[in-house]
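Engineer: Below is the file data-v3.pdb, with PDB, C-alpha atoms and all ligand atoms.
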ATOM      1  CA  GLY A  17      37.284 -15.528  46.465
ATOM      2  CA  LYS A  18      36.671 -16.716  50.018
ATOM      3  CA  PRO A  19      33.696 -15.240  51.839
ATOM      4  CA  PHE A  20      34.499 -12.364  54.204
ATOM      5  CA  ARG A  21      33.438 -13.669  57.613
ATOM      6  CA  ILE A  22      33.197 -12.418  61.169
ATOM      7  CA  GLN A  23      36.803 -13.405  62.031
ATOM      8  CA  HIS A  24      38.079 -11.361  59.078
ATOM      9  CA  VAL A  25      36.542  -8.227  60.569
ATOM     10  CA  ALA A  26      38.725  -8.707  63.662
ATOM     11  CA  GLN A  27      41.748  -9.682  61.532
ATOM     12  CA  TYR A  28      41.542  -6.551  59.387
ATOM     13  CA  PHE A  29      40.970  -4.405  62.487
ATOM     14  CA  GLU A  30      43.996  -5.865  64.301
ATOM     15  CA  ALA A  31      46.138  -5.415  61.174
ATOM     16  CA  GLY A  32      45.070  -1.766  60.895
ATOM     17  CA  ARG A  33      43.445  -2.385  57.509
ATOM     18  CA  PRO A  34      40.393  -0.075  57.137
ATOM     19  CA  LEU A  35      37.059  -1.912  56.824
ATOM     20  CA  THR A  36      34.800  -0.991  53.905
ATOM     21  CA  MET A  37      31.004  -1.089  54.018
ATOM     22  CA  LEU A  38      28.213   0.079  51.697
ATOM     23  CA  THR A  39      24.477  -0.407  51.817
ATOM     24  CA  ALA A  40      22.514  -2.408  49.238
ATOM     25  CA  TYR A  41      18.858  -3.390  49.068
ATOM     26  CA  ASP A  42      18.601  -5.592  45.966
ATOM     27  CA  ALA A  43      20.472  -8.436  44.259
ATOM     28  CA  MET A  44      21.704  -6.457  41.236
ATOM     29  CA  THR A  45      23.350  -3.677  43.230
ATOM     30  CA  ALA A  46      24.660  -6.137  45.824
ATOM     31  CA  ARG A  47      26.411  -8.144  43.092
ATOM     32  CA  ILE A  48      28.143  -5.054  41.703
ATOM     33  CA  ILE A  49      29.249  -3.840  45.152
ATOM     34  CA  ASP A  50      30.371  -7.334  46.146
ATOM     35  CA  GLU A  51      32.459  -7.741  42.980
ATOM     36  CA  ALA A  52      34.099  -4.356  43.715
ATOM     37  CA  GLY A  53      35.551  -5.945  46.856
ATOM     38  CA  ILE A  54      33.541  -4.182  49.551
ATOM     39  CA  ASP A  55      33.960  -6.127  52.826
ATOM     40  CA  MET A  56      30.504  -5.703  54.342
ATOM     41  CA  ILE A  57      27.110  -4.960  52.808
ATOM     42  CA  LEU A  58      24.562  -3.295  55.056
ATOM     43  CA  VAL A  59      20.937  -3.967  54.239
ATOM     44  CA  GLY A  60      20.040  -0.747  56.034
ATOM     45  CA  ASP A  61      16.574   0.466  56.864
ATOM     46  CA  SER A  62      17.662   3.417  54.722
ATOM     47  CA  TYR A  63      15.941   1.114  52.198
ATOM     48  CA  GLY A  64      12.819   3.103  53.141
ATOM     49  CA  THR A  65      14.239   6.563  52.495
ATOM     50  CA  THR A  66      16.252   5.632  49.400
ATOM     51  CA  MET A  67      14.402   2.949  47.444
ATOM     52  CA  LEU A  68      10.862   3.290  48.829
ATOM     53  CA  GLY A  69      10.745   7.094  48.792
ATOM     54  CA  MET A  70       9.789   7.439  52.472
ATOM     55  CA  GLU A  71      10.457  10.550  54.603
ATOM     56  CA  SER A  72      12.241   8.511  57.298
ATOM     57  CA  THR A  73      13.098   4.938  58.261
ATOM     58  CA  ILE A  74      10.147   4.804  60.666
ATOM     59  CA  GLY A  75       7.813   3.141  58.142
ATOM     60  CA  VAL A  76      10.118   0.215  57.339
ATOM     61  CA  ASP A  77       8.938  -3.125  58.758
ATOM     62  CA  LEU A  78      10.436  -6.588  59.207
ATOM     63  CA  ASP A  79       8.859  -7.980  56.015
ATOM     64  CA  ASP A  80      10.532  -5.165  54.020
ATOM     65  CA  MET A  81      13.892  -6.034  55.571
ATOM     66  CA  VAL A  82      13.468  -9.807  55.071
ATOM     67  CA  ARG A  83      12.694  -9.323  51.370
ATOM     68  CA  ALA A  84      15.636  -6.922  50.842
ATOM     69  CA  THR A  85      18.042  -9.110  52.839
ATOM     70  CA  ALA A  86      17.133 -12.223  50.828
ATOM     71  CA  ALA A  87      17.701 -10.310  47.575
ATOM     72  CA  VAL A  88      21.104  -8.995  48.720
ATOM     73  CA  ALA A  89      22.111 -12.475  49.897
ATOM     74  CA  ARG A  90      21.327 -13.831  46.419
ATOM     75  CA  GLY A  91      23.456 -11.135  44.787
ATOM     76  CA  ALA A  92      26.548 -11.099  47.030
ATOM     77  CA  LYS A  93      29.116 -13.898  47.099
ATOM     78  CA  ARG A  94      31.904 -12.550  49.340
ATOM     79  CA  ALA A  95      30.714  -9.637  51.470
ATOM     80  CA  LEU A  96      29.535 -10.100  55.056
ATOM     81  CA  ILE A  97      25.850  -9.178  55.086
ATOM     82  CA  VAL A  98      24.560  -7.106  57.999
ATOM     83  CA  ALA A  99      20.806  -6.415  58.145
ATOM     84  CA  ASP A 100      19.055  -3.703  60.159
ATOM     85  CA  LEU A 101      16.383  -4.546  62.689
ATOM     86  CA  PRO A 102      13.749  -1.907  61.861
ATOM     87  CA  LEU A 103      11.809   0.205  64.342
ATOM     88  CA  GLY A 104       9.342  -1.802  66.409
ATOM     89  CA  THR A 105      11.037  -5.181  66.067
ATOM     90  CA  TYR A 106      13.323  -5.245  69.129
ATOM     91  CA  GLU A 107      12.416  -2.578  71.691
ATOM     92  CA  SER A 108       9.689  -4.505  73.558
ATOM     93  CA  SER A 109      11.746  -7.403  74.875
ATOM     94  CA  PRO A 110      14.840  -9.558  74.374
ATOM     95  CA  ALA A 111      12.551 -12.332  73.058
ATOM     96  CA  GLN A 112      11.100 -10.007  70.432
ATOM     97  CA  ALA A 113      14.641  -8.964  69.451
ATOM     98  CA  VAL A 114      15.809 -12.587  69.084
ATOM     99  CA  ASP A 115      12.762 -13.537  66.982
ATOM    100  CA  SER A 116      13.330 -10.580  64.657
ATOM    101  CA  ALA A 117      17.062 -11.281  64.366
ATOM    102  CA  VAL A 118      16.341 -14.931  63.511
ATOM    103  CA  ALA A 119      14.067 -13.830  60.646
ATOM    104  CA  LEU A 120      16.896 -11.740  59.147
ATOM    105  CA  VAL A 121      19.464 -14.528  59.569
ATOM    106  CA  ARG A 122      17.055 -16.953  57.872
ATOM    107  CA  ALA A 123      16.831 -14.458  54.994
ATOM    108  CA  GLY A 124      20.636 -14.564  54.622
ATOM    109  CA  ALA A 125      22.149 -12.025  57.030
ATOM    110  CA  ALA A 126      25.407 -12.945  58.792
ATOM    111  CA  ALA A 127      24.793 -10.245  61.414
ATOM    112  CA  VAL A 128      22.086  -7.824  62.512
ATOM    113  CA  LYS A 129      22.323  -4.153  63.506
ATOM    114  CA  LEU A 130      20.120  -2.298  65.965
ATOM    115  CA  GLU A 131      20.088   1.266  67.266
ATOM    116  CA  GLY A 132      20.860   2.345  70.818
ATOM    117  CA  GLY A 133      23.262   1.772  73.701
ATOM    118  CA  ARG A 134      22.653   0.981  77.365
ATOM    119  CA  ARG A 135      18.870   0.981  76.880
ATOM    120  CA  ILE A 136      19.039  -2.092  74.584
ATOM    121  CA  PHE A 137      21.768  -3.980  76.495
ATOM    122  CA  PRO A 138      19.420  -6.947  77.314
ATOM    123  CA  GLN A 139      18.303  -7.209  73.672
ATOM    124  CA  VAL A 140      21.866  -7.181  72.311
ATOM    125  CA  LYS A 141      23.015  -9.759  74.845
ATOM    126  CA  ALA A 142      20.040 -12.027  74.081
ATOM    127  CA  ILE A 143      20.695 -11.932  70.327
ATOM    128  CA  VAL A 144      24.422 -12.644  70.838
ATOM    129  CA  ASP A 145      23.516 -15.482  73.237
ATOM    130  CA  ALA A 146      21.283 -16.905  70.493
ATOM    131  CA  GLY A 147      24.396 -17.278  68.325
ATOM    132  CA  ILE A 148      23.820 -14.261  66.094
ATOM    133  CA  ASN A 149      26.426 -11.563  65.381
ATOM    134  CA  VAL A 150      25.390  -8.044  66.360
ATOM    135  CA  MET A 151      26.621  -4.648  65.178
ATOM    136  CA  GLY A 152      25.702  -1.617  67.298
ATOM    137  CA  HIS A 153      24.642   1.837  66.053
ATOM    138  CA  LEU A 154      25.227   4.993  68.124
ATOM    139  CA  GLY A 155      25.307   8.744  67.605
ATOM    140  CA  PHE A 156      22.553   9.888  65.281
ATOM    141  CA  THR A 157      20.075   7.008  65.253
ATOM    142  CA  PRO A 158      17.383   7.712  62.625
ATOM    143  CA  GLN A 159      14.737   5.504  64.261
ATOM    144  CA  SER A 160      14.694   7.870  67.272
ATOM    145  CA  GLU A 161      15.011  11.057  65.211
ATOM    146  CA  ASN A 162      11.946  12.592  66.904
ATOM    147  CA  GLN A 163      13.431  12.056  70.362
ATOM    148  CA  LEU A 164      16.802  13.431  69.247
ATOM    149  CA  GLY A 165      15.082  16.554  67.890
ATOM    150  CA  GLY A 166      16.115  16.094  64.264
ATOM    151  CA  LYS A 167      19.082  15.058  62.195
ATOM    152  CA  ARG A 168      21.850  16.514  64.370
ATOM    153  CA  LEU A 169      25.432  15.779  65.368
ATOM    154  CA  GLN A 170      25.468  13.623  68.532
ATOM    155  CA  GLY A 171      28.015  13.057  71.312
ATOM    156  CA  ARG A 172      29.560  16.515  71.297
ATOM    157  CA  GLY A 173      30.976  18.183  74.427
ATOM    158  CA  ASP A 174      29.385  16.853  77.612
ATOM    159  CA  ALA A 175      27.413  14.272  75.615
ATOM    160  CA  ALA A 176      30.639  12.481  74.615
ATOM    161  CA  ALA A 177      30.847  10.678  77.978
ATOM    162  CA  ALA A 178      27.343   9.227  77.575
ATOM    163  CA  LEU A 179      28.131   8.061  74.058
ATOM    164  CA  LEU A 180      31.331   6.352  75.286
ATOM    165  CA  ALA A 181      29.369   4.669  78.089
ATOM    166  CA  ASP A 182      26.873   3.388  75.497
ATOM    167  CA  ALA A 183      29.700   2.073  73.315
ATOM    168  CA  GLU A 184      31.297   0.265  76.272
ATOM    169  CA  ALA A 185      27.930  -1.260  77.200
ATOM    170  CA  LEU A 186      27.474  -2.590  73.656
ATOM    171  CA  GLN A 187      30.988  -4.045  73.710
ATOM    172  CA  GLU A 188      30.167  -5.684  77.052
ATOM    173  CA  ALA A 189      26.930  -7.083  75.577
ATOM    174  CA  GLY A 190      28.993  -8.708  72.815
ATOM    175  CA  VAL A 191      28.742  -6.628  69.629
ATOM    176  CA  PHE A 192      31.551  -7.271  67.138
ATOM    177  CA  SER A 193      31.547  -3.693  65.845
ATOM    178  CA  VAL A 194      29.622  -0.447  66.231
ATOM    179  CA  VAL A 195      28.494   2.219  63.768
ATOM    180  CA  PHE A 196      29.051   5.854  64.836
ATOM    181  CA  GLU A 197      26.782   8.151  62.817
ATOM    182  CA  MET A 198      27.216  11.957  62.853
ATOM    183  CA  VAL A 199      29.615  12.085  65.802
ATOM    184  CA  PRO A 200      32.447  14.633  66.201
ATOM    185  CA  ALA A 201      35.833  13.251  65.099
ATOM    186  CA  SER A 202      37.247  13.924  68.576
ATOM    187  CA  THR A 203      34.589  11.700  70.193
ATOM    188  CA  THR A 204      35.269   8.914  67.666
ATOM    189  CA  ALA A 205      39.007   9.216  68.385
ATOM    190  CA  ALA A 206      38.379   8.940  72.148
ATOM    191  CA  ALA A 207      36.110   5.907  71.645
ATOM    192  CA  THR A 208      38.683   4.257  69.363
ATOM    193  CA  LYS A 209      41.195   4.403  72.235
ATOM    194  CA  ARG A 210      38.712   3.016  74.756
ATOM    195  CA  LEU A 211      37.148   0.160  72.755
ATOM    196  CA  GLU A 212      38.524  -3.201  71.622
ATOM    197  CA  ILE A 213      36.090  -3.499  68.703
ATOM    198  CA  PRO A 214      36.109  -1.641  65.365
ATOM    199  CA  ILE A 215      34.050   1.517  64.972
ATOM    200  CA  ILE A 216      32.504   1.937  61.518
ATOM    201  CA  GLY A 217      31.988   5.642  60.905
ATOM    202  CA  ILE A 218      29.511   7.642  58.837
ATOM    203  CA  GLY A 219      30.071  11.326  59.378
ATOM    204  CA  ALA A 220      32.305  10.378  62.320
ATOM    205  CA  GLY A 221      35.765  11.448  61.138
ATOM    206  CA  PRO A 222      38.969   9.742  60.027
ATOM    207  CA  ASP A 223      39.786   7.728  63.169
ATOM    208  CA  ALA A 224      37.086   5.086  62.786
ATOM    209  CA  ALA A 225      38.353   1.598  61.886
ATOM    210  CA  GLY A 226      36.111   1.578  58.831
ATOM    211  CA  GLN A 227      33.613   3.647  56.874
ATOM    212  CA  VAL A 228      30.046   3.055  55.713
ATOM    213  CA  LEU A 229      27.967   5.030  53.228
ATOM    214  CA  VAL A 230      24.530   4.655  51.702
ATOM    215  CA  TRP A 231      25.339   3.392  48.195
ATOM    216  CA  ALA A 232      23.086   5.932  46.492
ATOM    217  CA  ASP A 233      24.950   8.797  48.215
ATOM    218  CA  MET A 234      28.326   7.253  47.338
ATOM    219  CA  ALA A 235      27.413   6.707  43.661
ATOM    220  CA  GLY A 236      25.725  10.071  43.063
ATOM    221  CA  MET A 237      22.176   8.830  42.373
ATOM    222  CA  GLN A 238      20.699  12.217  43.287
ATOM    223  CA  ASP A 239      21.956  15.800  42.889
ATOM    224  CA  TRP A 240      21.729  16.035  46.690
ATOM    225  CA  LYS A 241      24.108  14.346  49.167
ATOM    226  CA  PRO A 242      24.615  14.488  52.934
ATOM    227  CA  SER A 243      27.518  16.717  54.035
ATOM    228  CA  PHE A 244      29.479  13.704  55.282
ATOM    229  CA  ALA A 245      29.222  11.757  52.014
ATOM    230  CA  HIS A 246      31.298  12.047  48.866
ATOM    231  CA  GLN A 247      29.991  11.226  45.386
ATOM    232  CA  PHE A 248      32.525   8.779  43.934
ATOM    233  CA  GLY A 249      30.530   8.557  40.716
ATOM    234  CA  ALA A 250      27.665  10.180  38.822
ATOM    235  CA  VAL A 251      25.515   7.085  38.316
ATOM    236  CA  GLY A 252      22.241   9.034  38.518
ATOM    237  CA  ALA A 253      23.342  11.351  35.706
ATOM    238  CA  GLU A 254      24.502   8.363  33.654
ATOM    239  CA  LEU A 255      21.168   6.564  34.151
ATOM    240  CA  ALA A 256      19.309   9.727  33.100
ATOM    241  CA  ARG A 257      21.532   9.995  30.013
ATOM    242  CA  ALA A 258      20.850   6.352  29.088
ATOM    243  CA  ALA A 259      17.072   6.749  29.576
ATOM    244  CA  ALA A 260      17.014   9.898  27.397
ATOM    245  CA  ALA A 261      19.110   8.184  24.692
ATOM    246  CA  TYR A 262      16.665   5.246  24.712
ATOM    247  CA  ARG A 263      13.694   7.626  24.486
ATOM    248  CA  ASP A 264      15.258   9.454  21.512
ATOM    249  CA  ALA A 265      16.115   6.173  19.767
ATOM    250  CA  VAL A 266      12.534   4.873  20.086
ATOM    251  CA  VAL A 267      10.975   8.163  18.954
ATOM    252  CA  SER A 268      13.358   8.396  15.963
ATOM    253  CA  ARG A 269      12.790   4.694  15.159
ATOM    254  CA  SER A 270      16.544   3.924  15.304
ATOM    255  CA  PHE A 271      15.701   1.373  18.031
ATOM    256  CA  PRO A 272      15.013  -1.496  17.632
ATOM    257  CA  ALA A 273      17.671  -2.015  14.949
ATOM    258  CA  PRO A 274      17.859  -5.292  12.947
ATOM    259  CA  GLU A 275      20.219  -6.875  15.507
ATOM    260  CA  ASN A 276      17.592  -6.244  18.212
ATOM    261  CA  TYR A 277      14.808  -8.388  16.725
ATOM    262  CA  HIS A 278      13.990 -11.554  14.805
ATOM    263  CA  GLN A 279      12.203 -11.243  11.449
ATOM    264  CA  ASP A 280      10.399 -14.565  11.949
TER     265      ASP A 280
HETATM  266  O1  LIG A 301      20.269   2.235  57.278
HETATM  267  C1  LIG A 301      21.429   2.627  57.031
HETATM  268  O2  LIG A 301      21.822   2.877  55.869
HETATM  269  C2  LIG A 301      22.362   2.784  58.149
HETATM  270  C3  LIG A 301      23.695   3.406  57.871
HETATM  271  C4  LIG A 301      23.537   4.848  57.575
HETATM  272  C5  LIG A 301      24.657   3.168  58.960
HETATM  273  O3  LIG A 301      22.023   2.420  59.240
HETATM  274 NA    NA A 302      19.818   2.027  59.487
END
Kindly present the structure from the file in structure tokens form.

Structural biologist:
Amino acid sequence: GKPFRIQHVAQYFEAGRPLTMLTAYDAMTARIIDEAGIDMILVGDSYGTTMLGMESTIGVDLDDMVRATAAVARGAKRALIVADLPLGTYESSPAQAVDSAVALVRAGAAAVKLEGGRRIFPQVKAIVDAGINVMGHLGFTPQSENQLGGKRLQGRGDAAAALLADAEALQEAGVFSVVFEMVPASTTAAATKRLEIPIIGIGAGPDAAGQVLVWADMAGMQDWKPSFAHQFGAVGAELARAAAAYRDAVVSRSFPAPENYHQD
């Protein structure tokens, strides 16, 4: 099919068609997710916590993201690829942000995502002015987890107004969409009324224009999942079953069978 491009995000949003987004970090997974018809693939810096076994996203650098983005771009044919700017690649200046965004676009991203609101207005505007699509990310922002005091719901009660002001600033700076992570449903509903761009929610309730999940959480790769995720499959259990069946077949010498090798 036709590639899903930036104008299709707006078209779906205006038609009231929910937008679908999953993460991916490699070509093989990206191909499977793309063929399932997911609209947008996020090469998230959750790459660090999922695939690299890190405690947080703080250790992910631009080289990690460039390599993962290039792999996803090779695997996906239709989905719009959004790549995360990792910690330390955009905070210092708009010029730093543009240089980092260019590296991800060169690797195959159609858009970049960065965390924060009013405080990164100049960076977002500079990237947009450089001709690169930007997605915002508000609410719980893992790169500033230490400042936020842990993995906690954001934008509740009195903090809702500040979150809305951040969302309006990002819209003003030119983002085409914004992720709301771990935000009360009521705050997402209020923001949906105020904004002209689609909100993509993760733990942000049913009113967001679209939803995003980390693919490993969605597919059930671990016995653990975040409260806001749902396991739509048990891929981890299936992989474990396959590995154990392979082990048993090798130990019992039923693998390789004649069809699995050449005599000469
Ligand atoms: O890195 C990531 O996976 C993300 C999503 C959770 C939005 O930023
Ligand atoms: Na991220």

Engineer: Rounded to one decimal place, report the atom CA of Trp231 of chain A-atom CA of Phe248 of chain A distance in Å.

Structural biologist: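 That distance, rounded to one decimal, is 9.9 Å.
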
Engineer: So the first atom is atom CA of Pro222 of chain A and the second is atom CA of Pro158 of chain A; what is the distance between them in Å, to one decimal place?

Structural biologist: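 Those two atoms sit 21.8 Å apart.
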
Engineer: Convert the output of the PyMOL selection byres (((not hetatm)) within 8 of (chain A and resi 302)) on the shown file into explicit residues, formatted as a list in words.

Structural biologist: Gly60, Asp61, Ser62, Thr73, Asp100, Pro102, Lys129, Leu130, Glu131, Thr157, Pro158 and Gln159 of chain A

Engineer: To one decimal in Å, tell me the separation between atom CA of Val88 of chain A and atom CA of Asp50 of chain A.

Structural biologist: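 Computing the Euclidean distance for atom CA of Val88 of chain A and atom CA of Asp50 of chain A yields 9.8 Å.
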
Engineer: Give me, as a VMD selection string, the set of residues whose atoms come within 7 Å of any atom of ligand LIG 301 (chain A), counting all atoms listed in the file.

Structural biologist: chain A and resid 39 58 to 63 100 195 197 218 228 to 230

Engineer: For the provided coordinates, the residues matched by the PyMOL selection byres (((chain A and resi 251) around 10) and not hetatm) should be stated as a list in words.

Structural biologist: Ala232, Met234, Ala235, Gly236, Met237, Gln238, Gln247, Phe248, Gly249, Ala250, Gly252, Ala253, Glu254, Leu255, Ala256 and Arg257 of chain A

Engineer: Running the PyMOL selection byres (((chain A and resi 140-155) around 9) and not hetatm) on this model by hand, what would come out? Give it as an NGL selection string.

Structural biologist: :A and (22 or 98 or 110-111 or 113-115 or 117-118 or 121 or 126-133 or 136-139 or 156-157 or 169-171 or 179 or 182-183 or 186-199 or 220)

Engineer: Taking all atoms listed in the file into account, which of A:Arg122, A:Arg210, A:Arg33, A:Arg135 comes nearest Glu107 of chain A?

Structural biologist: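 Of the candidates, the smallest distance to Glu107 of chain A is held by A:Arg135.
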
Engineer: Please put the answer as JSON: centre and edge lengths, in Å with one decimal, of a box along x, y and z that encloses all listed atoms of segment 167-186 of chain A plus 5 Å on each side.

Structural biologist:
{"center_x": 25.2, "center_y": 7.8, "center_z": 70.1, "size_x": 22.2, "size_y": 30.8, "size_z": 25.9}

Engineer: Which residue, A:Thr204, A:Thr105, A:Trp240, A:Ala178, has the smallest gap to Gly221 of chain A when you use all atoms listed in the file?

Structural biologist: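 Checking each of A:Thr204, A:Thr105, A:Trp240, A:Ala178 against Gly221 of chain A, counting all atoms listed in the file, the winner is A:Thr204.
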
Engineer: What would the list of residues within 8 Å of (39.1, 5.2, 68.4) (file frame) look like as a short mmCIF file (atom, residue, chain, number, x, y, z; two decimals) with C-alpha atoms, in the coordinates of the input, if all atoms listed in the file are what count?

Structural biologist:
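And here is the file that came out, part_38.cif:
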data_model
loop_
_atom_site.label_atom_id
_atom_site.label_comp_id
_atom_site.auth_asym_id
_atom_site.auth_seq_id
_atom_site.Cartn_x
_atom_site.Cartn_y
_atom_site.Cartn_z
CA THR A 204 35.27 8.91 67.67
CA ALA A 205 39.01 9.22 68.39
CA ALA A 206 38.38 8.94 72.15
CA ALA A 207 36.11 5.91 71.64
CA THR A 208 38.68 4.26 69.36
CA LYS A 209 41.20 4.40 72.24
CA ARG A 210 38.71 3.02 74.76
CA LEU A 211 37.15 0.16 72.76
CA ILE A 215 34.05 1.52 64.97
CA ASP A 223 39.79 7.73 63.17
CA ALA A 224 37.09 5.09 62.79
CA ALA A 225 38.35 1.60 61.89
#

Engineer: Of the candidates A:Ala84, A:Ala175, A:Leu103, A:Ala123, which one gets nearest to Ala46 of chain A if we count only C-alpha atoms?

Structural biologist: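 Once distances to Ala46 of chain A are computed over only C-alpha atoms, the minimum belongs to A:Ala84.
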
Engineer: Of the residues A:Ala86, A:Ser202, A:Pro214, A:Ile54, which is the one nearest to Arg172 of chain A, using all atoms listed in the file?

Structural biologist: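 Answer, going by the shortest atom-to-atom distance: A:Ser202.
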
Engineer: Would you mind completing segment 49-62 of chain A so that it carries N, CA and C atoms, and writing it out as a compact mmCIF listing (two decimals), in the frame of the given file?

Structural biologist:
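Below is the file result-v8.txt, written as the result:
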# COMPACT_ATOMS: atom_id res chain seq x y z
N ILE A 49 28.47 -4.30 43.99
CA ILE A 49 29.25 -3.84 45.15
C ILE A 49 30.15 -4.96 45.67
N ASP A 50 29.61 -6.17 45.69
CA ASP A 50 30.37 -7.33 46.15
C ASP A 50 31.57 -7.57 45.24
N GLU A 51 31.36 -7.50 43.93
CA GLU A 51 32.46 -7.74 42.98
C GLU A 51 33.50 -6.63 43.03
N ALA A 52 33.13 -5.45 43.54
CA ALA A 52 34.10 -4.36 43.72
C ALA A 52 34.99 -4.59 44.93
N GLY A 53 34.68 -5.61 45.73
CA GLY A 53 35.55 -5.94 46.86
C GLY A 53 35.21 -5.26 48.17
N ILE A 54 33.98 -4.77 48.28
CA ILE A 54 33.54 -4.18 49.55
C ILE A 54 33.38 -5.31 50.59
N ASP A 55 33.91 -5.07 51.81
CA ASP A 55 33.96 -6.13 52.83
C ASP A 55 32.58 -6.50 53.39
N MET A 56 31.79 -5.46 53.68
CA MET A 56 30.50 -5.70 54.34
C MET A 56 29.40 -4.95 53.61
N ILE A 57 28.28 -5.62 53.39
CA ILE A 57 27.11 -4.96 52.81
C ILE A 57 26.06 -4.81 53.90
N LEU A 58 25.61 -3.58 54.09
CA LEU A 58 24.56 -3.30 55.06
C LEU A 58 23.21 -3.21 54.35
N VAL A 59 22.32 -4.12 54.68
CA VAL A 59 20.94 -3.97 54.24
C VAL A 59 20.30 -3.04 55.28
N GLY A 60 20.48 -1.75 55.06
CA GLY A 60 20.04 -0.75 56.03
C GLY A 60 18.56 -0.47 55.90
N ASP A 61 17.97 0.04 56.98
CA ASP A 61 16.57 0.47 56.86
C ASP A 61 16.49 1.80 56.11
N SER A 62 17.65 2.32 55.69
CA SER A 62 17.66 3.42 54.72
C SER A 62 17.04 2.95 53.39
